[in-house]
$ cat final-v2.cif   # mmCIF, C-alpha atoms and all ligand atoms
data_data
loop_
_atom_site.label_atom_id
_atom_site.label_comp_id
_atom_site.auth_asym_id
_atom_site.auth_seq_id
_atom_site.Cartn_x
_atom_site.Cartn_y
_atom_site.Cartn_z
CA MET A 1 -59.93 -41.37 -60.33
CA SER A 2 -60.51 -40.49 -63.97
CA GLY A 3 -60.10 -36.71 -63.57
CA ARG A 4 -63.51 -36.28 -65.16
CA PRO A 5 -66.29 -34.35 -63.41
CA VAL A 6 -68.51 -36.56 -61.25
CA LEU A 7 -72.26 -36.39 -61.81
CA TYR A 8 -74.63 -37.61 -59.12
CA SER A 9 -77.86 -38.30 -60.94
CA PHE A 10 -81.23 -40.02 -60.78
CA ARG A 11 -82.54 -41.45 -64.02
CA ARG A 12 -86.13 -40.16 -63.92
CA CYS A 13 -85.52 -36.81 -62.22
CA PRO A 14 -86.33 -34.04 -64.71
CA TYR A 15 -83.63 -31.80 -63.25
CA ALA A 16 -81.03 -34.54 -63.65
CA MET A 17 -82.36 -35.27 -67.14
CA ARG A 18 -81.75 -31.73 -68.26
CA ALA A 19 -78.25 -31.83 -66.79
CA ARG A 20 -77.47 -35.06 -68.68
CA TRP A 21 -78.99 -33.55 -71.83
CA ALA A 22 -76.50 -30.68 -71.57
CA VAL A 23 -73.61 -33.15 -71.06
CA LEU A 24 -74.63 -34.86 -74.29
CA GLN A 25 -74.79 -31.56 -76.18
CA ALA A 26 -71.37 -30.41 -74.98
CA GLY A 27 -69.57 -33.62 -75.93
CA LEU A 28 -68.39 -34.26 -72.37
CA LEU A 29 -67.90 -37.50 -70.47
CA VAL A 30 -68.59 -37.54 -66.74
CA ASP A 31 -68.19 -40.15 -64.04
CA TRP A 32 -71.74 -41.30 -63.46
CA ARG A 33 -73.07 -41.93 -59.98
CA GLU A 34 -76.68 -43.01 -60.17
CA ILE A 35 -78.33 -42.63 -56.76
CA LYS A 36 -81.44 -43.83 -54.99
CA LEU A 37 -83.35 -40.89 -53.57
CA GLN A 38 -84.14 -42.98 -50.46
CA HIS A 39 -80.45 -43.86 -49.89
CA LYS A 40 -78.34 -40.93 -50.93
CA PRO A 41 -74.62 -41.70 -50.83
CA ALA A 42 -72.74 -40.13 -47.92
CA PRO A 43 -70.06 -38.56 -50.19
CA MET A 44 -72.80 -36.71 -52.09
CA LEU A 45 -74.43 -35.43 -48.90
CA GLU A 46 -71.06 -34.27 -47.57
CA LEU A 47 -70.55 -32.20 -50.71
CA SER A 48 -74.14 -31.00 -51.02
CA PRO A 49 -76.10 -31.33 -47.76
CA LYS A 50 -79.37 -30.21 -49.37
CA GLY A 51 -79.52 -33.67 -50.91
CA THR A 52 -80.96 -32.98 -54.36
CA VAL A 53 -79.78 -34.22 -57.72
CA PRO A 54 -78.12 -33.38 -59.98
CA VAL A 55 -74.79 -32.62 -58.31
CA LEU A 56 -71.72 -32.06 -60.45
CA VAL A 57 -68.32 -32.18 -58.78
CA LEU A 58 -65.49 -30.72 -60.85
CA ALA A 59 -61.90 -31.97 -60.86
CA ASP A 60 -60.86 -29.03 -58.65
CA GLY A 61 -63.51 -29.92 -56.06
CA THR A 62 -66.05 -27.25 -57.06
CA VAL A 63 -69.58 -28.46 -56.32
CA ILE A 64 -72.46 -27.40 -58.59
CA ASP A 65 -75.77 -28.56 -57.14
CA GLU A 66 -78.43 -26.69 -59.10
CA SER A 67 -79.42 -28.20 -62.43
CA LEU A 68 -79.46 -24.91 -64.31
CA GLU A 69 -75.95 -24.13 -63.06
CA VAL A 70 -74.84 -27.61 -64.15
CA MET A 71 -76.24 -26.90 -67.62
CA LEU A 72 -74.52 -23.51 -67.77
CA TRP A 73 -71.14 -24.89 -66.65
CA THR A 74 -71.42 -27.75 -69.10
CA LEU A 75 -72.34 -25.51 -72.03
CA ALA A 76 -69.55 -23.11 -71.08
CA GLN A 77 -67.15 -25.98 -71.92
CA ALA A 78 -68.68 -26.32 -75.39
CA ASP A 79 -71.87 -25.03 -76.95
CA PRO A 80 -71.54 -25.90 -80.62
CA ARG A 81 -75.17 -25.07 -81.42
CA ASP A 82 -75.09 -21.82 -79.42
CA LEU A 83 -77.89 -23.00 -77.15
CA CYS A 84 -77.03 -20.16 -74.77
CA ARG A 85 -77.39 -17.52 -77.53
CA GLN A 86 -74.08 -15.87 -76.62
CA GLY A 87 -74.56 -12.94 -78.99
CA SER A 88 -78.01 -11.82 -77.86
CA VAL A 89 -78.75 -10.31 -74.45
CA SER A 90 -82.48 -10.18 -75.22
CA GLN A 91 -82.55 -13.89 -76.08
CA GLN A 92 -80.59 -14.69 -72.92
CA THR A 93 -83.18 -12.76 -70.92
CA CYS A 94 -85.97 -14.64 -72.66
CA ILE A 95 -84.25 -17.97 -71.87
CA ARG A 96 -83.90 -17.04 -68.18
CA GLU A 97 -87.55 -15.97 -67.96
CA LEU A 98 -88.80 -19.17 -69.56
CA ILE A 99 -86.70 -21.35 -67.25
CA ASN A 100 -87.74 -19.34 -64.24
CA LEU A 101 -91.43 -19.75 -65.08
CA ASN A 102 -90.90 -23.48 -65.47
CA ASP A 103 -88.94 -23.93 -62.26
CA THR A 104 -91.38 -21.90 -60.15
CA THR A 105 -94.97 -21.63 -61.40
CA PHE A 106 -95.14 -24.59 -63.76
CA LYS A 107 -93.31 -27.01 -61.45
CA HIS A 108 -95.60 -25.94 -58.59
CA HIS A 109 -98.73 -26.83 -60.56
CA LEU A 110 -97.15 -29.94 -62.12
CA ASP A 111 -96.35 -31.41 -58.69
CA ARG A 112 -99.84 -30.73 -57.34
CA PHE A 113 -101.53 -32.04 -60.49
CA LYS A 114 -99.33 -35.15 -60.75
CA TYR A 115 -99.02 -36.06 -57.07
CA THR A 116 -102.30 -34.65 -55.68
CA ASP A 117 -102.36 -37.20 -52.84
CA ARG A 118 -99.14 -35.68 -51.47
CA TYR A 119 -100.85 -32.28 -51.17
CA PRO A 120 -103.96 -32.67 -49.00
CA GLY A 121 -106.56 -29.96 -49.55
CA GLU A 122 -105.20 -28.92 -52.96
CA SER A 123 -107.52 -28.98 -55.97
CA LYS A 124 -106.22 -31.16 -58.78
CA ALA A 125 -108.55 -29.44 -61.27
CA GLU A 126 -107.27 -26.00 -60.33
CA HIS A 127 -103.62 -27.02 -60.70
CA GLN A 128 -104.45 -28.67 -64.01
CA ARG A 129 -106.07 -25.44 -65.18
CA GLN A 130 -103.11 -23.30 -64.10
CA GLY A 131 -100.56 -25.72 -65.56
CA LEU A 132 -102.41 -25.80 -68.86
CA LEU A 133 -102.33 -22.01 -69.04
CA VAL A 134 -98.53 -22.19 -68.99
CA LEU A 135 -98.39 -25.08 -71.46
CA ARG A 136 -100.71 -23.27 -73.90
CA ASN A 137 -98.58 -20.17 -73.65
CA TRP A 138 -95.44 -22.21 -74.52
CA SER A 139 -97.30 -23.97 -77.33
CA GLN A 140 -98.31 -20.62 -78.84
CA ARG A 141 -94.73 -19.36 -78.50
CA ILE A 142 -93.39 -22.40 -80.31
CA GLU A 143 -95.83 -21.81 -83.15
CA ASP A 144 -94.99 -18.08 -83.33
CA GLN A 145 -91.21 -18.56 -83.13
CA GLY A 146 -91.07 -21.19 -85.85
CA GLY A 147 -90.70 -24.43 -83.91
CA TRP A 148 -88.83 -23.67 -80.69
CA LEU A 149 -89.36 -21.52 -77.61
CA VAL A 150 -86.96 -18.69 -78.36
CA ASP A 151 -86.56 -18.70 -82.14
CA SER A 152 -86.42 -21.22 -84.96
CA SER A 153 -83.74 -23.42 -83.40
CA CYS A 154 -83.23 -25.23 -80.12
CA SER A 155 -81.98 -23.16 -77.17
CA LEU A 156 -81.07 -23.70 -73.53
CA ALA A 157 -84.71 -22.92 -72.65
CA ASP A 158 -85.99 -25.81 -74.78
CA GLY A 159 -83.39 -28.14 -73.27
CA ALA A 160 -84.26 -27.07 -69.72
CA LEU A 161 -88.04 -27.38 -70.06
CA TRP A 162 -88.78 -30.52 -72.06
CA PRO A 163 -88.30 -33.02 -69.17
CA PHE A 164 -91.00 -31.18 -67.20
CA VAL A 165 -93.43 -31.08 -70.14
CA ARG A 166 -92.80 -34.80 -70.53
CA GLN A 167 -93.78 -35.27 -66.89
CA TRP A 168 -97.04 -33.44 -67.48
CA ARG A 169 -97.77 -35.69 -70.42
CA ILE A 170 -97.03 -38.77 -68.29
CA ALA A 171 -99.54 -37.49 -65.70
CA ASP A 172 -102.28 -36.96 -68.30
CA PRO A 173 -101.48 -38.55 -71.66
CA GLU A 174 -105.06 -38.42 -73.00
CA GLY A 175 -105.56 -34.75 -72.09
CA PHE A 176 -102.13 -33.74 -73.42
CA ASP A 177 -102.48 -35.67 -76.68
CA SER A 178 -106.02 -34.56 -77.51
CA ASP A 179 -105.83 -30.83 -76.79
CA PRO A 180 -105.69 -29.02 -80.16
CA THR A 181 -104.03 -25.95 -78.63
CA LEU A 182 -101.08 -28.12 -77.57
CA GLU A 183 -100.27 -29.41 -81.07
CA PRO A 184 -97.09 -27.29 -81.52
CA LEU A 185 -95.93 -28.27 -78.02
CA ARG A 186 -96.54 -31.96 -78.76
CA GLU A 187 -94.47 -31.78 -81.94
CA TRP A 188 -91.74 -29.98 -80.01
CA LEU A 189 -91.74 -32.58 -77.22
CA ASN A 190 -91.68 -35.42 -79.73
CA ARG A 191 -88.55 -33.98 -81.29
CA PHE A 192 -86.79 -34.53 -77.96
CA LEU A 193 -88.32 -37.93 -77.33
CA GLN A 194 -87.59 -39.26 -80.82
CA ASP A 195 -84.04 -37.94 -80.89
CA PRO A 196 -81.45 -40.72 -80.38
CA GLY A 197 -80.15 -38.58 -77.51
CA PHE A 198 -83.25 -39.42 -75.50
CA GLU A 199 -82.36 -43.12 -75.32
CA ARG A 200 -78.81 -42.19 -74.43
CA LEU A 201 -79.77 -39.95 -71.57
CA MET A 202 -82.22 -42.51 -70.22
CA GLN A 203 -79.62 -45.30 -70.14
CA ARG A 204 -79.77 -47.37 -66.98
CA THR A 205 -77.05 -48.23 -64.53
CA ASP A 206 -76.98 -49.74 -61.06
CA PRO A 207 -76.98 -47.38 -58.08
CA TRP A 208 -73.45 -46.21 -57.39
CA HIS A 209 -71.32 -47.80 -54.71
CA PRO A 210 -67.69 -46.85 -54.01
CA ALA A 211 -66.61 -50.49 -54.34
CA GLY A 212 -68.72 -51.21 -57.41
CA LEU A 213 -68.44 -50.47 -61.12
CA GLN A 214 -67.57 -46.87 -61.92
CA PRO A 215 -69.47 -46.16 -65.14
CA HIS A 216 -69.32 -42.99 -67.14
CA PHE A 217 -72.02 -41.04 -68.90
CA PRO A 218 -72.84 -41.31 -71.74
CA ALA A 219 -72.18 -45.02 -71.31
CA ASP A 220 -71.85 -45.77 -75.03
CA ALA A 221 -69.12 -43.14 -75.53
CA VAL A 222 -65.37 -43.16 -74.85
CA ASP A 223 -62.55 -40.64 -74.73
CA VAL A 224 -60.63 -40.00 -77.95
CA PRO A 225 -56.89 -40.64 -77.61
CA ILE A 226 -54.97 -37.52 -78.55
CA ASP A 227 -51.86 -39.36 -79.77
CA GLN A 228 -53.44 -40.68 -83.00
CA PRO A 229 -54.36 -38.51 -85.97
CA LEU A 230 -58.00 -37.96 -86.83
CA PHE A 231 -59.47 -37.51 -90.30
CA HIS A 232 -62.33 -35.65 -91.92
CA LEU A 233 -63.56 -35.75 -95.49
CA ALA A 234 -64.35 -32.23 -96.67
CA MET A 235 -65.86 -30.86 -99.84
CA ALA A 236 -63.12 -28.77 -101.47
CA GLU A 237 -65.39 -25.71 -101.66
CA ASP A 238 -66.14 -25.93 -97.90
CA TRP A 239 -62.42 -26.02 -97.17
CA THR A 240 -61.89 -22.95 -99.34
CA VAL A 241 -64.57 -21.10 -97.32
CA ALA A 242 -62.93 -22.23 -94.07
CA LYS A 243 -59.52 -20.94 -95.16
CA GLN A 244 -61.10 -17.54 -95.75
CA SER A 245 -63.12 -17.42 -92.53
CA GLY A 246 -60.49 -18.93 -90.21
CA ASP A 247 -62.28 -22.07 -89.06
CA TYR A 248 -64.16 -25.01 -90.53
CA ARG A 249 -67.80 -25.46 -89.48
CA ILE A 250 -69.16 -28.34 -91.58
CA SER A 251 -70.35 -31.45 -89.75
CA THR A 252 -70.63 -33.78 -92.71
CA ARG A 253 -71.60 -33.49 -96.36
CA GLY A 254 -74.44 -30.95 -96.64
CA LEU A 255 -74.84 -30.36 -92.90
CA SER A 256 -73.32 -27.63 -90.76
CA LEU A 257 -71.90 -27.80 -87.25
CA ASP A 258 -74.80 -25.57 -86.10
CA GLN A 259 -77.31 -28.09 -87.41
CA VAL A 260 -75.70 -31.27 -86.08
CA GLY A 261 -73.88 -30.10 -82.95
CA PHE A 262 -70.53 -31.76 -83.74
CA ILE A 263 -68.11 -32.40 -86.61
CA HIS A 264 -67.95 -36.01 -87.79
CA LEU A 265 -64.39 -37.35 -87.77
CA SER A 266 -62.87 -40.77 -88.49
CA TRP A 267 -59.92 -42.82 -87.45
CA LEU A 268 -57.68 -43.87 -90.35
CA GLU A 269 -59.30 -47.28 -90.80
CA GLN A 270 -62.77 -45.66 -91.08
CA VAL A 271 -61.96 -43.14 -93.83
CA ALA A 272 -62.49 -45.38 -96.87
CA SER A 273 -65.89 -46.69 -95.78
CA THR A 274 -67.05 -43.18 -94.84
CA PHE A 275 -66.04 -42.03 -98.32
CA ASP A 276 -67.90 -44.93 -99.95
CA ARG A 277 -71.04 -44.28 -97.94
CA PHE A 278 -71.32 -40.52 -98.25
CA TYR A 279 -68.83 -38.97 -100.71
CA SER A 280 -68.26 -41.33 -103.64
CA ASP A 281 -70.55 -39.31 -105.93
CA ALA A 282 -69.34 -35.93 -104.63
CA GLY A 283 -67.13 -33.61 -106.66
CA ALA A 284 -63.73 -32.62 -105.32
CA VAL A 285 -63.19 -34.15 -101.88
CA LEU A 286 -60.26 -33.49 -99.57
CA LEU A 287 -58.97 -35.65 -96.75
CA LEU A 288 -58.08 -33.45 -93.79
CA THR A 289 -55.54 -34.89 -91.36
CA ILE A 290 -56.08 -33.46 -87.89
CA ASP A 291 -53.76 -33.35 -84.91
CA PRO A 292 -56.08 -33.85 -81.91
CA ALA A 293 -53.53 -32.30 -79.59
CA CYS A 294 -54.21 -28.96 -81.32
CA LEU A 295 -57.94 -29.05 -80.56
CA SER A 296 -59.48 -27.27 -77.60
CA SER A 297 -63.17 -28.19 -78.05
CA PRO A 298 -64.29 -31.50 -76.51
CA LEU A 299 -63.69 -34.68 -78.47
CA ARG A 300 -65.83 -37.70 -77.75
CA ALA A 301 -66.19 -41.00 -79.57
CA ASP A 302 -69.92 -41.77 -79.82
CA ALA A 303 -71.52 -45.01 -80.98
CA ILE A 304 -73.56 -44.98 -84.19
CA PRO A 305 -76.59 -47.35 -84.27
CA SER A 306 -74.44 -50.31 -85.41
CA GLY A 307 -72.34 -49.84 -82.27
CA GLU A 308 -69.25 -48.61 -84.14
CA LEU A 309 -67.54 -45.70 -82.39
CA PHE A 310 -66.69 -42.56 -84.34
CA PRO A 311 -64.75 -39.58 -83.01
CA HIS A 312 -66.74 -36.34 -82.90
CA LEU A 313 -65.52 -32.79 -82.35
CA TYR A 314 -67.93 -30.62 -80.35
CA GLY A 315 -66.88 -27.30 -81.78
CA SER A 316 -65.42 -25.77 -84.90
CA LEU A 317 -62.21 -27.10 -86.44
CA PRO A 318 -59.38 -24.55 -86.23
CA LEU A 319 -57.20 -24.38 -89.35
CA ALA A 320 -54.10 -24.77 -87.17
CA ALA A 321 -55.18 -28.31 -86.19
CA VAL A 322 -55.26 -29.46 -89.83
CA VAL A 323 -51.80 -30.75 -90.65
CA GLU A 324 -52.61 -31.87 -94.19
CA ALA A 325 -55.42 -31.37 -96.75
CA GLU A 326 -55.04 -33.56 -99.83
CA ALA A 327 -57.34 -34.75 -102.60
CA TYR A 328 -59.05 -38.05 -101.80
CA ARG A 329 -60.85 -40.34 -104.25
CA GLY A 330 -61.33 -43.49 -102.20
CA ALA A 331 -59.12 -46.33 -101.03
CA ASN A 332 -58.68 -48.01 -104.43
CA LEU A 333 -57.72 -45.00 -106.53
N1 LIG B 1 -83.44 -26.83 -57.73
C1 LIG B 1 -82.86 -28.14 -57.85
C2 LIG B 1 -83.98 -29.15 -57.69
C3 LIG B 1 -83.50 -30.57 -57.83
C4 LIG B 1 -84.50 -31.57 -57.24
O1 LIG B 1 -85.44 -31.19 -56.54
N2 LIG B 1 -84.26 -32.87 -57.48
C5 LIG B 1 -85.09 -33.86 -56.84
C6 LIG B 1 -85.29 -35.09 -57.69
S1 LIG B 1 -86.21 -34.77 -59.15
C7 LIG B 1 -84.39 -34.35 -55.57
O2 LIG B 1 -83.21 -34.59 -55.60
N3 LIG B 1 -85.14 -34.48 -54.48
C8 LIG B 1 -84.59 -34.97 -53.27
C9 LIG B 1 -85.41 -36.05 -52.65
O3 LIG B 1 -86.45 -36.40 -53.22
O4 LIG B 1 -84.99 -36.54 -51.62
C10 LIG B 1 -82.14 -28.25 -59.18
O5 LIG B 1 -82.54 -27.57 -60.13
O6 LIG B 1 -81.15 -28.99 -59.28
#

$ encode --input "final-v2.cif" --output "structure tokens"
Amino acid sequence: MSGRPVLYSFRRCPYAMRARWAVLQAGLLVDWREIKLQHKPAPMLELSPKGTVPVLVLADGTVIDESLEVMLWTLAQADPRDLCRQGSVSQQTCIRELINLNDTTFKHHLDRFKYTDRYPGESKAEHQRQGLLVLRNWSQRIEDQGGWLVDSSCSLADGALWPFVRQWRIADPEGFDSDPTLEPLREWLNRFLQDPGFERLMQRTDPWHPAGLQPHFPADAVDVPIDQPLFHLAMAEDWTVAKQSGDYRISTRGLSLDQVGFIHLSWLEQVASTFDRFYSDAGAVLLLTIDPACLSSPLRADAIPSGELFPHLYGSLPLAAVVEAEAYRGANL
């Protein structure tokens, strides 16, 4: 046993997709049990007799078997982009209402439009009409709010809905792609589909068996050992701001934690090449030495496109975790 939460999942299920999306956002690693809907594993059914995915089983045995609850638990561990809009009750209400509309009305019409043969006597055209009313409403919202459903940045509502909008598009690609009123919604959906996270959350693995391989999700990531120091190159002026405000919230040169969702870190042997790639023409640069044992936000080493793993911190960097901040000018100086 790894001590990680266990996630029972099914690759193409939109509910499981949104749960895995939240796991990616929070910087967590979970033990990944891919299931076949026709052959659900007995241990899953013992824990959650209703037999739907996703199911998340925590280290203390707690079972979470509703996808929205899985997302909320996951983002309670870390929510570096404030997807849950902690500071705004009205935005939280808006998020709940949007998700509720998706999970009830929209899903109802989506199922009957997509799988009409499973619903004898139902009118495909009528469910298409009703589903499109919802989609057009979301599209208009996205336009009005400046790119996302709740405001001008991604929220829990966006993360919870996009797998279902994707399903609608799969059911009717020509209609979805040619409807001018859906243009903002198409752009919004494409942001999810073109994000590298999409490939990661659609990774494949064999159906789980107790005697087989025990993969984790995301499969390209690994835990970060907490007995080796971590490093971060910081612009001197950003470090000055952090010392005044109490924590450091820059992801990498010119990008904030809020924008990226994690802080880029390096292991010692990666510092010089990171400097050469991104900081060699910068002004005053500091090398921060970080004690990972002093961090409480999740740490996960994620693969960049070349396959190289880099440690990432899914939260702000507390000043107390920085054991040294010294000027850095590259390996050869
Ligand atoms: N309300 C549940 C719904 C989950 C759900 O219906 N998942 C489908 C797969 S997309 C499922 O497991 N169906 C069981 C089956 O088809 O046997 C949630 O949000 O987690």

$ residues_near_ligand --input "final-v2.cif" --ligand "ligand LIG 1 (chain B)" --cutoff "12 Å" --atoms "only C-alpha atoms and all ligand atoms" --output "VMD selection string"
chain A and resid 7 to 20 34 to 41 44 to 45 48 to 56 63 to 72 99 to 100 102 to 104 107 to 108 111 160 to 161 163 to 164 167

$ closest_residue --input "final-v2.cif" --among "A:Ala22, A:Gly87, A:Gly3, A:Gly146" --to "A:Asp60" --atoms "all atoms listed in the file"
A:Gly3

$ closest_residue --input "final-v2.cif" --among "A:Leu132, A:Ala321, A:Leu299, A:Cys94" --to "A:Val222" --atoms "only C-alpha atoms"
A:Leu299

$ atom_distance --input "final-v2.cif" --atom1 "atom CA of A:Asp291" --atom2 "atom CA of A:Pro311"
12.8 Å

$ atom_distance --input "final-v2.cif" --atom1 "atom CA of A:Trp208" --atom2 "atom CA of A:Trp32"
8.0 Å

$ closest_atom_pairs --input "final-v2.cif" --of "stretch 181-259 of chain A" --to "stretch 135-143 of chain A" --cutoff "10 Å" --atoms "all atoms listed in the file" --output "Markdown table"
| residue | atom | partner | partner_atom | distance |
| --- | --- | --- | --- | --- |
| A:Thr181 | CA | A:Arg136 | CA | 6.4 |
| A:Leu182 | CA | A:Ser139 | CA | 5.6 |
| A:Glu183 | CA | A:Ser139 | CA | 7.2 |
| A:Pro184 | CA | A:Ser139 | CA | 5.4 |
| A:Leu185 | CA | A:Ser139 | CA | 4.6 |
| A:Arg186 | CA | A:Ser139 | CA | 8.2 |
| A:Glu187 | CA | A:Ser139 | CA | 9.5 |
| A:Trp188 | CA | A:Ile142 | CA | 7.8 |

$ closest_residue --input "final-v2.cif" --among "A:Phe217, A:Phe176, A:Phe113, A:Phe262" --to "A:Arg249" --atoms "all atoms listed in the file"
A:Phe262

$ atom_distance --input "final-v2.cif" --atom1 "atom CA of A:His216" --atom2 "atom CA of A:Ala42"
19.7 Å

$ closest_residue --input "final-v2.cif" --among "A:Ile226, A:Leu156, A:Ala78, A:Ala219" --to "A:Glu199" --atoms "all atoms listed in the file"
A:Ala219

$ residues_around --input "final-v2.cif" --residues "stretch 267-282 of chain A" --least-positions-apart "4" --cutoff "8 Å" --atoms "only C-alpha atoms" --output "ChimeraX atom specification"
/A:229-233,235,253,310-311,329-331

$ residues_around --input "final-v2.cif" --residues "A:Ala125" --least-positions-apart "5" --cutoff "10 Å" --atoms "all atoms listed in the file" --output "list in words"
Arg112, Phe113, Thr116, Gln130 and Gly131 of chain A

$ residues_around --input "final-v2.cif" --residues "A:Pro196" --least-positions-apart "4" --cutoff "10 Å" --atoms "only C-alpha atoms" --output "mmCIF file with C-alpha atoms, in the frame of the given file"
data_model
loop_
_atom_site.group_PDB
_atom_site.id
_atom_site.type_symbol
_atom_site.label_atom_id
_atom_site.label_comp_id
_atom_site.auth_asym_id
_atom_site.auth_seq_id
_atom_site.Cartn_x
_atom_site.Cartn_y
_atom_site.Cartn_z
ATOM 1 C CA ARG A 191 -88.550 -33.980 -81.290
ATOM 2 C CA PHE A 192 -86.790 -34.530 -77.960
ATOM 3 C CA ARG A 200 -78.810 -42.190 -74.430
ATOM 4 C CA LEU A 201 -79.770 -39.950 -71.570
ATOM 5 C CA ILE A 304 -73.560 -44.980 -84.190
ATOM 6 C CA PRO A 305 -76.590 -47.350 -84.270
#

$ axis_aligned_box --input "final-v2.cif" --around "stretch 24-31 of chain A" --padding-each-side "3 Å" --output "AutoDock Vina command-line options"
--center_x -71.3 --center_y -35.3 --center_z -70.1 --size_x 12.9 --size_y 15.7 --size_z 18.1

$ residues_around --input "final-v2.cif" --residues "A:Thr252" --least-positions-apart "3" --cutoff "9 Å" --atoms "only C-alpha atoms" --output "list in words"
His232, Leu233, Ala234, Leu255, Ser256, Leu257, Val260, Ile263, His264, Leu265 and Phe278 of chain A

$ closest_residue --input "final-v2.cif" --among "A:Glu326, A:His109, A:Leu189, A:Val57" --to "A:Ser123" --atoms "all atoms listed in the file"
A:His109

$ closest_residue --input "final-v2.cif" --among "A:Leu287, A:Leu47, A:Met202, A:Val89" --to "A:Pro218" --atoms "all atoms listed in the file"
A:Met202

$ residues_near_point --input "final-v2.cif" --point "(-53.3, -30.3, -99.5)" --cutoff "12 Å" --atoms "only C-alpha atoms" --output "ChimeraX atom specification"
/A:234,236,239-240,285-289,322-328

$ residues_around --input "final-v2.cif" --residues "A:Gly246" --least-positions-apart "2" --cutoff "8 Å" --atoms "all atoms listed in the file" --output "JSON, numbers by chain"
{"A": [242, 243, 244, 248, 318, 319]}

$ write_last_selection --input "final-v2.cif" --atoms "C-alpha atoms" --output "tab-separated table (two decimals), keeping the file's coordinate frame"
chain	number	residue	atom	x	y	z
A	242	ALA	CA	-62.93	-22.23	-94.07
A	243	LYS	CA	-59.52	-20.94	-95.16
A	244	GLN	CA	-61.10	-17.54	-95.75
A	248	TYR	CA	-64.16	-25.01	-90.53
A	318	PRO	CA	-59.38	-24.55	-86.23
A	319	LEU	CA	-57.20	-24.38	-89.35

$ decode --input "final-v2.cif" --residues "stretch 171-194 of chain A" --atoms "C-alpha atoms" --output "CSV table (one decimal), in the first residue's frame"
chain,number,residue,atom,x,y,z
A,171,ALA,CA,-22.5,13.5,-30.4
A,172,ASP,CA,-22.9,16.3,-33.0
A,173,PRO,CA,-19.6,17.7,-34.2
A,174,GLU,CA,-21.0,19.4,-37.3
A,175,GLY,CA,-23.8,21.1,-35.4
A,176,PHE,CA,-21.6,22.1,-32.5
A,177,ASP,CA,-18.8,23.5,-34.7
A,178,SER,CA,-21.0,25.4,-37.1
A,179,ASP,CA,-23.4,27.2,-34.7
A,180,PRO,CA,-22.4,30.9,-34.5
A,181,THR,CA,-24.0,31.3,-31.0
A,182,LEU,CA,-21.6,28.6,-29.6
A,183,GLU,CA,-18.4,30.4,-30.7
A,184,PRO,CA,-17.4,31.4,-27.1
A,185,LEU,CA,-18.2,28.0,-25.8
A,186,ARG,CA,-16.1,26.3,-28.5
A,187,GLU,CA,-13.1,28.5,-27.7
A,188,TRP,CA,-13.6,27.7,-24.0
A,189,LEU,CA,-13.8,23.9,-24.7
A,190,ASN,CA,-10.8,24.1,-26.9
A,191,ARG,CA,-8.8,25.6,-24.1
A,192,PHE,CA,-9.4,22.4,-22.1
A,193,LEU,CA,-8.8,20.1,-25.0
A,194,GLN,CA,-5.6,21.8,-26.1
